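Participant: As input, take work_39.txt (compact mmCIF, C-alpha atoms and all ligand atoms):
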```txt
# COMPACT_ATOMS: atom_id res chain seq x y z
CA GLY A 7 -117.90 134.41 76.06
CA LEU A 8 -120.02 136.02 73.36
CA PRO A 9 -120.01 134.15 70.07
CA TYR A 10 -117.81 135.49 67.30
CA GLN A 11 -120.00 136.84 64.51
CA ILE A 12 -119.00 135.46 61.13
CA ALA A 13 -120.52 136.43 57.79
CA VAL A 14 -120.44 133.51 55.37
CA ILE A 15 -120.31 134.41 51.68
CA PRO A 16 -120.18 131.37 49.35
CA GLY A 17 -120.28 133.51 46.15
CA ASP A 18 -120.22 131.75 42.80
CA GLY A 19 -119.22 128.49 41.12
CA ILE A 20 -117.12 126.18 43.28
CA GLY A 21 -117.32 128.78 46.05
CA LYS A 22 -120.75 127.22 46.63
CA GLU A 23 -119.27 123.70 46.68
CA VAL A 24 -116.24 124.24 48.90
CA MET A 25 -117.99 126.49 51.44
CA PRO A 26 -120.11 123.69 52.98
CA GLU A 27 -116.88 121.75 53.62
CA GLY A 28 -115.19 124.81 55.10
CA LEU A 29 -118.17 125.20 57.44
CA ARG A 30 -118.26 121.51 58.29
CA VAL A 31 -114.66 121.62 59.48
CA LEU A 32 -115.03 125.05 61.11
CA ARG A 33 -118.00 123.80 63.16
CA ALA A 34 -116.22 120.59 64.12
CA ALA A 35 -113.13 122.48 65.32
CA ALA A 36 -115.15 125.14 67.13
CA ALA A 37 -117.17 122.47 68.94
CA ARG A 38 -114.09 120.51 69.95
CA PHE A 39 -112.22 123.54 71.29
CA GLY A 40 -115.20 125.35 72.82
CA ILE A 41 -115.20 128.37 70.52
CA ALA A 42 -118.64 129.98 70.18
CA LEU A 43 -119.45 131.02 66.62
CA ALA A 44 -122.54 132.70 65.19
CA LEU A 45 -122.53 132.04 61.45
CA ARG A 46 -124.70 134.09 59.13
CA GLU A 47 -124.96 133.07 55.52
CA ILE A 48 -125.20 135.89 52.98
CA GLU A 49 -126.56 135.42 49.48
CA TRP A 50 -125.42 138.72 48.03
CA ALA A 51 -121.91 139.25 46.71
CA SER A 52 -122.69 136.68 44.02
CA CYS A 53 -123.43 136.84 40.32
CA ASP A 54 -126.76 135.06 40.96
CA TRP A 55 -127.78 137.97 43.18
CA TYR A 56 -126.54 140.43 40.55
CA GLN A 57 -128.81 138.91 37.94
CA VAL A 58 -131.84 139.70 40.09
CA HIS A 59 -130.75 143.05 41.59
CA GLY A 60 -128.45 144.56 38.97
CA GLU A 61 -125.66 145.07 41.51
CA MET A 62 -123.35 142.81 43.47
CA MET A 63 -124.29 144.00 46.95
CA PRO A 64 -127.16 145.95 48.53
CA ALA A 65 -126.53 149.66 49.18
CA ASP A 66 -126.53 149.01 52.94
CA TRP A 67 -124.04 146.13 52.80
CA LYS A 68 -121.80 147.77 55.39
CA ALA A 69 -124.66 148.27 57.83
CA GLN A 70 -125.65 144.64 57.32
CA LEU A 71 -122.12 143.57 58.26
CA GLN A 72 -122.05 145.82 61.33
CA GLY A 73 -120.74 143.92 64.34
CA CYS A 74 -119.33 141.07 62.30
CA ASP A 75 -115.86 139.91 63.37
CA ALA A 76 -114.79 138.18 60.18
CA LEU A 77 -115.91 137.16 56.71
CA LEU A 78 -115.51 133.66 55.38
CA PHE A 79 -115.57 133.98 51.60
CA GLY A 80 -115.75 131.34 48.85
CA ALA A 81 -115.10 132.84 45.41
CA VAL A 82 -116.82 135.37 43.18
CA GLY A 83 -116.98 135.47 39.40
CA TRP A 84 -119.24 134.08 36.70
CA PRO A 85 -117.96 135.69 33.52
CA ALA A 86 -120.69 134.10 31.39
CA THR A 87 -123.25 136.41 32.98
CA VAL A 88 -121.34 139.26 34.68
CA PRO A 89 -118.03 140.78 33.48
CA ASP A 90 -115.28 139.95 35.98
CA HIS A 91 -114.31 143.54 36.68
CA ILE A 92 -117.91 144.33 37.64
CA SER A 93 -118.37 141.32 39.91
CA LEU A 94 -114.99 141.59 41.63
CA TRP A 95 -114.86 145.38 42.02
CA GLY A 96 -118.41 145.16 43.34
CA SER A 97 -117.59 142.59 46.02
CA LEU A 98 -114.19 141.18 47.00
CA LEU A 99 -112.12 144.22 46.04
CA LYS A 100 -114.65 146.46 47.80
CA PHE A 101 -114.27 144.46 51.01
CA ARG A 102 -110.48 144.63 50.82
CA ARG A 103 -110.49 148.39 50.30
CA GLU A 104 -113.38 149.50 52.48
CA PHE A 105 -112.34 147.23 55.35
CA ASP A 106 -108.71 148.29 54.91
CA GLN A 107 -107.53 144.69 54.65
CA TYR A 108 -104.09 145.82 53.66
CA ILE A 109 -102.26 142.54 54.30
CA ASN A 110 -102.93 139.44 52.25
CA LEU A 111 -101.14 136.42 53.72
CA ARG A 112 -100.75 133.51 51.34
CA PRO A 113 -98.74 130.49 52.46
CA ALA A 114 -97.54 127.91 49.95
CA ARG A 115 -96.20 124.65 51.31
CA LEU A 116 -95.34 121.29 49.80
CA PHE A 117 -97.13 118.54 51.77
CA ASP A 118 -96.21 114.94 52.30
CA GLY A 119 -98.31 112.80 49.93
CA VAL A 120 -98.77 115.50 47.30
CA PRO A 121 -96.92 114.90 44.03
CA CYS A 122 -94.68 117.89 43.29
CA PRO A 123 -94.34 119.03 39.68
CA LEU A 124 -90.87 120.48 40.36
CA VAL A 125 -87.58 118.61 40.34
CA ASP A 126 -84.17 119.61 41.64
CA ARG A 127 -81.02 119.85 39.50
CA GLN A 128 -80.54 116.08 39.73
CA GLY A 129 -84.06 115.51 38.48
CA ARG A 130 -85.41 114.39 41.86
CA PRO A 131 -88.89 115.53 42.84
CA ARG A 132 -88.89 118.23 45.49
CA GLN A 133 -89.48 117.02 49.03
CA PRO A 134 -91.71 118.47 51.77
CA GLY A 135 -89.65 121.08 53.60
CA GLU A 136 -88.02 122.29 50.39
CA ILE A 137 -91.02 124.48 49.57
CA ASP A 138 -92.43 126.39 52.51
CA MET A 139 -93.05 130.03 51.81
CA LEU A 140 -95.28 132.83 52.91
CA ILE A 141 -96.30 135.43 50.37
CA VAL A 142 -97.19 138.75 51.96
CA ARG A 143 -99.17 140.67 49.38
CA GLU A 144 -99.98 144.38 49.56
CA ASN A 145 -103.74 144.25 49.24
CA THR A 146 -105.34 147.68 48.87
CA GLU A 147 -103.32 149.81 46.47
CA GLY A 148 -100.61 149.55 43.83
CA GLU A 149 -101.66 148.35 40.40
CA TYR A 150 -105.28 147.82 41.53
CA THR A 151 -106.78 151.29 41.13
CA ASN A 152 -109.71 152.88 39.36
CA LEU A 153 -107.62 155.91 38.42
CA GLY A 154 -107.55 156.30 34.68
CA GLY A 155 -109.76 155.82 31.71
CA VAL A 156 -110.15 155.26 28.01
CA MET A 157 -109.98 158.46 25.97
CA PHE A 158 -111.08 159.20 22.43
CA ALA A 159 -112.66 155.76 22.28
CA GLY A 160 -113.37 154.55 18.78
CA THR A 161 -111.10 157.10 17.13
CA GLU A 162 -107.55 156.67 15.97
CA ARG A 163 -106.44 158.78 18.93
CA GLU A 164 -107.84 156.20 21.36
CA PHE A 165 -105.68 155.54 24.42
CA VAL A 166 -106.01 154.11 27.90
CA ILE A 167 -104.31 155.04 31.15
CA GLN A 168 -104.44 153.19 34.44
CA GLU A 169 -102.34 154.61 37.23
CA SER A 170 -100.55 152.68 39.97
CA VAL A 171 -100.49 154.27 43.40
CA TYR A 172 -98.21 153.38 46.28
CA THR A 173 -98.48 155.37 49.49
CA ARG A 174 -95.66 155.58 51.97
CA ILE A 175 -97.97 154.43 54.75
CA GLY A 176 -99.28 151.57 52.63
CA ALA A 177 -95.88 150.33 51.52
CA GLU A 178 -94.22 150.74 54.89
CA ARG A 179 -96.89 148.84 56.82
CA VAL A 180 -96.80 145.84 54.51
CA LEU A 181 -92.99 145.81 54.57
CA ARG A 182 -92.97 145.95 58.39
CA TYR A 183 -95.56 143.20 58.54
CA ALA A 184 -93.45 141.02 56.26
CA PHE A 185 -90.29 141.63 58.30
CA GLU A 186 -92.22 140.74 61.48
CA GLN A 187 -93.38 137.48 59.88
CA ALA A 188 -89.86 136.70 58.69
CA ARG A 189 -88.43 137.39 62.14
CA GLN A 190 -90.75 134.79 63.67
CA ARG A 191 -89.87 132.05 61.20
CA ARG A 192 -87.03 129.58 61.35
CA ARG A 193 -85.11 130.87 58.34
CA ARG A 194 -85.68 134.60 58.94
CA HIS A 195 -85.34 135.43 55.29
CA LEU A 196 -87.27 138.01 53.31
CA THR A 197 -87.41 138.43 49.55
CA VAL A 198 -88.64 141.77 48.23
CA ALA A 199 -90.28 141.42 44.82
CA THR A 200 -89.89 144.54 42.69
CA LYS A 201 -88.98 145.50 39.13
CA SER A 202 -86.65 148.43 39.56
CA ASN A 203 -85.03 148.17 36.17
CA GLY A 204 -88.13 148.69 34.05
CA ILE A 205 -90.66 150.32 36.38
CA ALA A 206 -88.12 152.98 37.15
CA ILE A 207 -90.03 155.35 39.45
CA SER A 208 -92.13 153.33 41.88
CA MET A 209 -89.96 150.21 42.13
CA PRO A 210 -86.68 151.89 43.16
CA TRP A 211 -88.82 153.78 45.68
CA TRP A 212 -90.01 150.42 47.08
CA ASP A 213 -86.44 149.12 47.22
CA ALA A 214 -85.27 152.18 49.13
CA LEU A 215 -88.14 151.91 51.58
CA ALA A 216 -87.44 148.20 52.10
CA ALA A 217 -83.78 149.00 52.82
CA GLU A 218 -84.87 151.64 55.34
CA VAL A 219 -87.27 149.28 57.16
CA ALA A 220 -84.64 146.52 57.09
CA LEU A 221 -82.49 148.58 59.48
CA ASP A 222 -85.03 147.78 62.21
CA TYR A 223 -84.73 144.03 61.57
CA PRO A 224 -81.03 143.15 61.61
CA GLU A 225 -81.88 139.49 62.35
CA VAL A 226 -83.68 139.11 59.01
CA THR A 227 -81.67 138.54 55.83
CA VAL A 228 -83.07 140.45 52.88
CA ASP A 229 -82.80 139.77 49.24
CA ARG A 230 -84.31 141.97 46.58
CA GLN A 231 -85.21 140.44 43.24
CA HIS A 232 -86.75 141.60 40.02
CA ILE A 233 -90.09 139.89 39.60
CA ASP A 234 -89.18 138.26 36.29
CA ILE A 235 -86.20 136.26 37.54
CA LEU A 236 -88.00 135.72 40.83
CA THR A 237 -90.73 133.73 39.04
CA ALA A 238 -88.05 131.61 37.38
CA ARG A 239 -86.47 130.90 40.78
CA PHE A 240 -89.82 129.89 42.25
CA VAL A 241 -89.70 127.02 39.77
CA LEU A 242 -85.97 126.24 39.73
CA GLN A 243 -84.88 127.06 43.30
CA PRO A 244 -87.99 127.18 45.49
CA GLU A 245 -85.91 126.32 48.56
CA ARG A 246 -84.47 129.86 48.39
CA PHE A 247 -87.73 131.40 49.53
CA ASP A 248 -89.11 131.98 53.00
CA VAL A 249 -91.21 135.16 53.25
CA VAL A 250 -91.83 137.05 50.00
CA VAL A 251 -93.28 140.56 50.10
CA ALA A 252 -94.83 141.95 46.94
CA THR A 253 -97.03 144.67 45.53
CA ASN A 254 -100.68 143.89 44.84
CA LEU A 255 -100.35 142.55 41.29
CA PHE A 256 -96.99 140.83 41.73
CA GLY A 257 -98.34 139.21 44.91
CA ASP A 258 -101.42 138.04 43.02
CA ILE A 259 -99.31 136.34 40.36
CA LEU A 260 -96.86 134.82 42.84
CA SER A 261 -99.70 133.42 44.92
CA ASP A 262 -100.96 131.27 42.04
CA LEU A 263 -97.44 130.31 40.97
CA GLY A 264 -96.25 129.33 44.47
CA PRO A 265 -99.16 126.93 45.12
CA ALA A 266 -98.90 125.52 41.58
CA CYS A 267 -95.29 124.64 42.46
CA THR A 268 -96.66 122.65 45.41
CA GLY A 269 -98.95 120.52 43.25
CA THR A 270 -102.29 122.34 42.98
CA ILE A 271 -103.81 125.74 43.59
CA GLY A 272 -106.65 123.90 45.31
CA LEU A 273 -104.71 123.92 48.59
CA ALA A 274 -103.83 127.59 48.87
CA PRO A 275 -105.57 129.66 51.55
CA SER A 276 -105.48 133.37 52.18
CA ALA A 277 -106.06 135.81 55.00
CA ASN A 278 -107.01 139.36 54.01
CA LEU A 279 -106.18 141.14 57.22
CA ASN A 280 -106.96 144.44 58.81
CA PRO A 281 -104.35 143.88 61.53
CA ASP A 282 -105.54 146.91 63.53
CA ARG A 283 -108.94 145.16 63.91
CA ARG A 284 -110.88 148.32 63.17
CA PHE A 285 -112.67 146.36 60.46
CA PRO A 286 -113.42 142.68 59.92
CA SER A 287 -110.83 140.56 58.11
CA LEU A 288 -111.70 138.21 55.26
CA PHE A 289 -110.60 134.61 54.76
CA GLU A 290 -110.85 132.90 51.38
CA PRO A 291 -109.15 130.41 49.10
CA VAL A 292 -106.64 131.92 46.66
CA HIS A 293 -108.43 130.25 43.76
CA GLY A 294 -111.54 131.49 41.99
CA SER A 295 -114.95 130.08 41.10
CA ALA A 296 -113.56 127.60 38.55
CA PRO A 297 -116.50 127.57 36.09
CA ASP A 298 -114.74 124.77 34.16
CA ILE A 299 -115.31 122.24 36.96
CA TYR A 300 -118.35 123.68 38.72
CA GLY A 301 -121.36 121.42 39.19
CA ARG A 302 -119.48 118.13 39.52
CA ASN A 303 -118.51 118.41 43.19
CA ILE A 304 -114.87 117.64 42.40
CA ALA A 305 -113.23 120.87 43.58
CA ASN A 306 -110.56 120.52 46.23
CA PRO A 307 -112.00 122.06 49.43
CA ILE A 308 -108.69 122.20 51.31
CA ALA A 309 -107.93 125.84 50.42
CA MET A 310 -111.32 126.77 51.87
CA ILE A 311 -110.82 124.61 54.96
CA TRP A 312 -107.33 125.98 55.63
CA SER A 313 -108.74 129.51 55.24
CA ALA A 314 -111.28 128.71 57.96
CA ALA A 315 -108.39 127.61 60.18
CA LEU A 316 -106.63 130.94 59.58
CA LEU A 317 -109.86 132.69 60.56
CA LEU A 318 -109.98 130.90 63.92
CA ASP A 319 -106.35 131.70 64.61
CA PHE A 320 -106.74 135.39 63.78
CA LEU A 321 -110.02 135.86 65.66
CA THR A 322 -108.52 134.53 68.85
CA ARG A 323 -105.24 136.39 68.27
CA GLY A 324 -103.19 133.24 67.93
CA GLU A 325 -103.84 132.28 71.53
CA GLY A 326 -105.48 129.40 73.39
CA ALA A 327 -108.43 127.64 71.83
CA GLY A 328 -108.21 129.32 68.43
CA ARG A 329 -104.57 128.39 67.92
CA ALA A 330 -105.34 124.83 69.05
CA ALA A 331 -108.29 124.65 66.64
CA HIS A 332 -106.12 125.99 63.80
CA ASP A 333 -103.38 123.47 64.53
CA ALA A 334 -105.88 120.59 64.75
CA ILE A 335 -107.27 121.50 61.32
CA LEU A 336 -103.77 121.71 59.85
CA ARG A 337 -102.83 118.30 61.31
CA ALA A 338 -106.03 116.83 59.84
CA ILE A 339 -105.28 118.36 56.41
CA GLU A 340 -101.73 116.95 56.57
CA ALA A 341 -103.05 113.49 57.47
CA VAL A 342 -105.61 113.42 54.66
CA LEU A 343 -103.04 114.66 52.13
CA ARG A 344 -100.61 111.99 53.30
CA GLU A 345 -103.05 109.07 53.42
CA GLY A 346 -105.89 110.10 51.12
CA PRO A 347 -108.54 110.37 49.94
CA HIS A 348 -107.62 112.90 47.23
CA THR A 349 -109.62 115.01 44.78
CA PRO A 350 -108.88 114.76 41.01
CA ASP A 351 -106.51 117.78 41.03
CA LEU A 352 -104.22 115.54 43.13
CA GLY A 353 -104.80 112.46 40.99
CA GLY A 354 -107.55 110.94 43.16
CA ASP A 355 -111.21 110.27 42.57
CA ALA A 356 -112.77 111.46 45.83
CA ASP A 357 -115.35 114.23 45.68
CA THR A 358 -115.43 117.54 47.53
CA THR A 359 -117.76 116.28 50.25
CA ARG A 360 -115.65 113.20 50.96
CA ILE A 361 -112.55 115.34 51.62
CA GLY A 362 -114.49 117.66 53.92
CA GLN A 363 -115.84 114.68 55.85
CA ALA A 364 -112.43 113.04 56.13
CA ILE A 365 -110.85 116.21 57.50
CA ALA A 366 -113.76 116.90 59.89
CA GLU A 367 -113.58 113.33 61.23
CA ARG A 368 -109.90 113.74 61.98
CA VAL A 369 -110.47 117.10 63.65
CA VAL A 370 -113.06 115.48 65.93
CA ALA A 371 -110.88 112.45 66.63
CA GLY A 372 -107.71 114.50 67.15
CA CYS A 373 -106.07 112.79 64.10
P1 LIG B 1 -109.77 129.80 38.99
O1 LIG B 1 -108.90 129.84 40.18
O2 LIG B 1 -111.22 129.88 39.24
O3 LIG B 1 -109.47 128.47 38.16
C1 LIG B 1 -108.21 128.23 37.55
C2 LIG B 1 -108.02 126.74 37.27
O4 LIG B 1 -107.78 126.06 38.52
C3 LIG B 1 -109.25 126.08 36.66
O5 LIG B 1 -108.86 125.10 35.74
C4 LIG B 1 -109.93 125.44 37.86
O6 LIG B 1 -110.71 124.30 37.55
C5 LIG B 1 -108.75 125.07 38.75
N1 LIG B 1 -109.14 125.14 40.19
C6 LIG B 1 -109.36 126.27 40.88
N2 LIG B 1 -109.69 125.96 42.15
C7 LIG B 1 -109.69 124.62 42.24
C8 LIG B 1 -109.97 123.71 43.30
N3 LIG B 1 -110.33 124.13 44.53
N4 LIG B 1 -109.89 122.39 43.04
C9 LIG B 1 -109.52 121.94 41.83
N5 LIG B 1 -109.25 122.76 40.79
C10 LIG B 1 -109.34 124.08 40.99
O7 LIG B 1 -109.28 131.01 38.03
P2 LIG B 1 -109.94 131.62 36.70
O8 LIG B 1 -110.40 130.50 35.83
O9 LIG B 1 -108.98 132.59 36.21
O10 LIG B 1 -111.20 132.43 37.21
C11 LIG B 1 -112.53 131.95 37.22
C12 LIG B 1 -113.42 133.00 37.85
O11 LIG B 1 -113.07 133.18 39.23
C13 LIG B 1 -113.30 134.38 37.23
O12 LIG B 1 -114.57 134.97 37.31
C14 LIG B 1 -112.32 135.08 38.11
O13 LIG B 1 -112.42 136.48 38.08
C15 LIG B 1 -112.74 134.55 39.46
N6 LIG B 1 -111.72 134.59 40.51
C16 LIG B 1 -112.18 134.88 41.74
C17 LIG B 1 -111.31 134.85 42.82
C18 LIG B 1 -111.82 135.17 44.17
O14 LIG B 1 -113.00 135.28 44.40
N7 LIG B 1 -110.96 135.34 45.14
C19 LIG B 1 -109.98 134.46 42.62
C20 LIG B 1 -109.56 134.14 41.33
C21 LIG B 1 -110.45 134.20 40.27
C1 LIG B 2 -107.14 136.77 44.07
C2 LIG B 2 -107.95 137.05 42.83
C3 LIG B 2 -108.41 138.49 42.80
C4 LIG B 2 -107.19 139.39 42.79
C5 LIG B 2 -109.29 138.81 41.58
C6 LIG B 2 -110.46 137.87 41.50
C7 LIG B 2 -109.73 140.24 41.56
O1 LIG B 2 -107.21 136.71 41.70
O2 LIG B 2 -107.67 136.95 45.19
O3 LIG B 2 -106.00 136.32 43.95
O4 LIG B 2 -106.64 139.71 41.73
O5 LIG B 2 -106.79 139.80 43.88
MN MN B 3 -105.32 135.73 42.12
```
As structure tokens - that is how I would like this structure written.
Ligand code: NAD
Ligand code: IPM
Ligand code: MN

Facilitator:
Amino acid sequence: GLPYQIAVIPGDGIGKEVMPEGLRVLRAAAARFGIALALREIEWASCDWYQVHGEMMPADWKAQLQGCDALLFGAVGWPATVPDHISLWGSLLKFRREFDQYINLRPARLFDGVPCPLVDRQGRPRQPGEIDMLIVRENTEGEYTNLGGVMFAGTEREFVIQESVYTRIGAERVLRYAFEQARQRRRRHLTVATKSNGIAISMPWWDALAAEVALDYPEVTVDRQHIDILTARFVLQPERFDVVVATNLFGDILSDLGPACTGTIGLAPSANLNPDRRFPSLFEPVHGSAPDIYGRNIANPIAMIWSAALLLDFLTRGEGAGRAAHDAILRAIEAVLREGPHTPDLGGDADTTRIGQAIAERVVAGC
């Protein structure tokens, strides 16, 4: 058939180092499973481009992405030259909002061969299988708004307001999506992350809506937790969690904490989905541009590579060649995590390129 059109946006910092490895593995899997891809690399949506053009993206960015089926995204942010809120609101957050990518799927799993920083009550390190969760993050509204402002700046009356907005449509669709995911998993358990004691208007509203949607999913067990104790349980009782649904900001925080509990944030992928497929979806690591390690080629590329696998699965609707390609990449990641080599974040001394090569070789060889 026609090739899938994929826009490739490396962005900044280690985005530029992990993207070549994501593409290496994507190409290897596509070739092996006969999936035609047309990849187009884009240099805007980066702070380098901003420095020349004074904006993150060209005015016609949407037209330039016309016809594209998905975006593969590295990371954006270079706070030394561009303030983070400018670079992110001018790129990633714009994609999420304008392309209505209202679901952000963020799995966190403990792999064989990866040292786990958590121990159980007896002091034993957590084992693979004990941490296997899927964070479903609301991705277009909530705490991430531009509604508000600083007033009376520089006077003693100075104040700042930033509103949070939750729409019924927005909350209900992410809750339904999370219940659907939970229904298809072995444990069929959903945790709803709210904060209905302190945030006393919007959070009880979320709880009530979750209870209403739950009536349609009697096979899923639901447990509602305040976000504060929920973070403590991520650390102390991670085996309690299966699918976790959260508002935009809570989901952001949980999706760094969950992967940290599995050894490193360098493994965590994400899928920013427009499930209706009216707009392209975006696939990216959870992590950022990591200025502190950029330039040494030591970043872990697995989050990027796993994100590419999620892209293949979504593009082909979880069927046939795309699902097979996704599974082959996952098996190759598992094998490399189990047997090495490892990047420094996992205690090894292999570089970014070496990991990408090792995974690509296993994808080609079928593990
Ligand atoms: P970060 O995720 O970039 O880095 C946090 C820490 O994790 C750093 O110590 C970094 O070295 C380490 N780390 C991250 N990814 C790694 C990997 N693949 N392998 C090994 N170590 C890794 O978060 P930050 O420092 O808060 O943000 C840096 C910049 O990235 C900021 O500009 C921020 O706004 C941006 N950011 C962008 C995205 C995105 O594009 N999706 C996400 C998060 C942060
Ligand atoms: C993420 C990032 C972004 C977010 C930032 C860079 C705006 O942290 O994708 O997790 O907060 O969503
Ligand atoms: Mn984040």

Participant: Quick one: of A:Ala331, A:Ile235, A:Ala305, A:Ile271, who's nearest to ligand MN 3 (chain B), counting only C-alpha atoms and all ligand atoms?

Facilitator: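 Among the listed residues, the smallest separation from ligand MN 3 (chain B) belongs to A:Ile271.
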
Participant: Hey, which residues sit close to ligand MN 3 (chain B)? Say within 8 Å, counting only C-alpha atoms and all ligand atoms, and write them as a list in words.

Facilitator: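 Here is the list of contacting residues: Asp258, Ile259, Ser261, Asp262, Val292, His293 and Gly294 of chain A.
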
Participant: Would you mind listing, for every residue of chain A within 8 Å of ligand LIG 1 (chain B), the two atoms forming the shortest contact and the distance between them in Å to one decimal, using only C-alpha atoms and all ligand atoms, sorted by chain and ascending residue number, as a Markdown table?

Facilitator:
```
| residue | atom | partner | partner_atom | distance |
| --- | --- | --- | --- | --- |
| A:Gly17 | CA | B:LIG1 | O14 | 7.7 |
| A:Gly19 | CA | B:LIG1 | O11 | 8.0 |
| A:Ile20 | CA | B:LIG1 | N3 | 7.2 |
| A:Gly21 | CA | B:LIG1 | O14 | 8.0 |
| A:Val24 | CA | B:LIG1 | N3 | 7.4 |
| A:Phe79 | CA | B:LIG1 | O14 | 7.8 |
| A:Gly80 | CA | B:LIG1 | O14 | 6.5 |
| A:Ala81 | CA | B:LIG1 | O14 | 3.4 |
| A:Val82 | CA | B:LIG1 | O14 | 4.0 |
| A:Gly83 | CA | B:LIG1 | O12 | 3.2 |
| A:Trp84 | CA | B:LIG1 | O12 | 4.8 |
| A:Pro85 | CA | B:LIG1 | O12 | 5.1 |
| A:Pro89 | CA | B:LIG1 | O12 | 7.8 |
| A:Asp90 | CA | B:LIG1 | O13 | 5.0 |
| A:His91 | CA | B:LIG1 | O13 | 7.4 |
| A:Ser93 | CA | B:LIG1 | O12 | 7.8 |
| A:Leu94 | CA | B:LIG1 | O13 | 6.7 |
| A:Leu98 | CA | B:LIG1 | O14 | 6.6 |
| A:Thr270 | CA | B:LIG1 | N5 | 7.3 |
| A:Ile271 | CA | B:LIG1 | N2 | 6.1 |
| A:Gly272 | CA | B:LIG1 | N3 | 3.8 |
| A:Leu273 | CA | B:LIG1 | N3 | 6.9 |
| A:Glu290 | CA | B:LIG1 | N7 | 6.7 |
| A:Pro291 | CA | B:LIG1 | N7 | 6.6 |
| A:Val292 | CA | B:LIG1 | N7 | 5.7 |
| A:His293 | CA | B:LIG1 | O1 | 3.6 |
| A:Gly294 | CA | B:LIG1 | O2 | 3.2 |
| A:Ser295 | CA | B:LIG1 | O11 | 4.1 |
| A:Ala296 | CA | B:LIG1 | O2 | 3.3 |
| A:Pro297 | CA | B:LIG1 | C11 | 6.0 |
| A:Asp298 | CA | B:LIG1 | O6 | 5.3 |
| A:Ile299 | CA | B:LIG1 | O6 | 5.1 |
| A:Tyr300 | CA | B:LIG1 | O6 | 7.8 |
| A:Ile304 | CA | B:LIG1 | C9 | 6.9 |
| A:Ala305 | CA | B:LIG1 | N4 | 3.7 |
| A:Asn306 | CA | B:LIG1 | N4 | 3.8 |
| A:Pro307 | CA | B:LIG1 | N3 | 5.6 |
| A:Ile308 | CA | B:LIG1 | N3 | 7.2 |
| A:Ala309 | CA | B:LIG1 | N3 | 6.6 |
| A:Met310 | CA | B:LIG1 | N3 | 7.9 |
| A:Thr349 | CA | B:LIG1 | C9 | 7.5 |
| A:Pro350 | CA | B:LIG1 | C9 | 7.3 |
| A:Asp351 | CA | B:LIG1 | C9 | 5.2 |
```

Participant: May I have the selected residues written with C-alpha atoms, as a PDB file, in the frame of the given file?

Facilitator:
```
ATOM      1  CA  GLY A  17    -120.280 133.510  46.150  1.00  0.00           C
ATOM      2  CA  GLY A  19    -119.220 128.490  41.120  1.00  0.00           C
ATOM      3  CA  ILE A  20    -117.120 126.180  43.280  1.00  0.00           C
ATOM      4  CA  GLY A  21    -117.320 128.780  46.050  1.00  0.00           C
ATOM      5  CA  VAL A  24    -116.240 124.240  48.900  1.00  0.00           C
ATOM      6  CA  PHE A  79    -115.570 133.980  51.600  1.00  0.00           C
ATOM      7  CA  GLY A  80    -115.750 131.340  48.850  1.00  0.00           C
ATOM      8  CA  ALA A  81    -115.100 132.840  45.410  1.00  0.00           C
ATOM      9  CA  VAL A  82    -116.820 135.370  43.180  1.00  0.00           C
ATOM     10  CA  GLY A  83    -116.980 135.470  39.400  1.00  0.00           C
ATOM     11  CA  TRP A  84    -119.240 134.080  36.700  1.00  0.00           C
ATOM     12  CA  PRO A  85    -117.960 135.690  33.520  1.00  0.00           C
ATOM     13  CA  PRO A  89    -118.030 140.780  33.480  1.00  0.00           C
ATOM     14  CA  ASP A  90    -115.280 139.950  35.980  1.00  0.00           C
ATOM     15  CA  HIS A  91    -114.310 143.540  36.680  1.00  0.00           C
ATOM     16  CA  SER A  93    -118.370 141.320  39.910  1.00  0.00           C
ATOM     17  CA  LEU A  94    -114.990 141.590  41.630  1.00  0.00           C
ATOM     18  CA  LEU A  98    -114.190 141.180  47.000  1.00  0.00           C
ATOM     19  CA  THR A 270    -102.290 122.340  42.980  1.00  0.00           C
ATOM     20  CA  ILE A 271    -103.810 125.740  43.590  1.00  0.00           C
ATOM     21  CA  GLY A 272    -106.650 123.900  45.310  1.00  0.00           C
ATOM     22  CA  LEU A 273    -104.710 123.920  48.590  1.00  0.00           C
ATOM     23  CA  GLU A 290    -110.850 132.900  51.380  1.00  0.00           C
ATOM     24  CA  PRO A 291    -109.150 130.410  49.100  1.00  0.00           C
ATOM     25  CA  VAL A 292    -106.640 131.920  46.660  1.00  0.00           C
ATOM     26  CA  HIS A 293    -108.430 130.250  43.760  1.00  0.00           C
ATOM     27  CA  GLY A 294    -111.540 131.490  41.990  1.00  0.00           C
ATOM     28  CA  SER A 295    -114.950 130.080  41.100  1.00  0.00           C
ATOM     29  CA  ALA A 296    -113.560 127.600  38.550  1.00  0.00           C
ATOM     30  CA  PRO A 297    -116.500 127.570  36.090  1.00  0.00           C
ATOM     31  CA  ASP A 298    -114.740 124.770  34.160  1.00  0.00           C
ATOM     32  CA  ILE A 299    -115.310 122.240  36.960  1.00  0.00           C
ATOM     33  CA  TYR A 300    -118.350 123.680  38.720  1.00  0.00           C
ATOM     34  CA  ILE A 304    -114.870 117.640  42.400  1.00  0.00           C
ATOM     35  CA  ALA A 305    -113.230 120.870  43.580  1.00  0.00           C
ATOM     36  CA  ASN A 306    -110.560 120.520  46.230  1.00  0.00           C
ATOM     37  CA  PRO A 307    -112.000 122.060  49.430  1.00  0.00           C
ATOM     38  CA  ILE A 308    -108.690 122.200  51.310  1.00  0.00           C
ATOM     39  CA  ALA A 309    -107.930 125.840  50.420  1.00  0.00           C
ATOM     40  CA  MET A 310    -111.320 126.770  51.870  1.00  0.00           C
ATOM     41  CA  THR A 349    -109.620 115.010  44.780  1.00  0.00           C
ATOM     42  CA  PRO A 350    -108.880 114.760  41.010  1.00  0.00           C
ATOM     43  CA  ASP A 351    -106.510 117.780  41.030  1.00  0.00           C
TER      44      ASP A 351
END
```
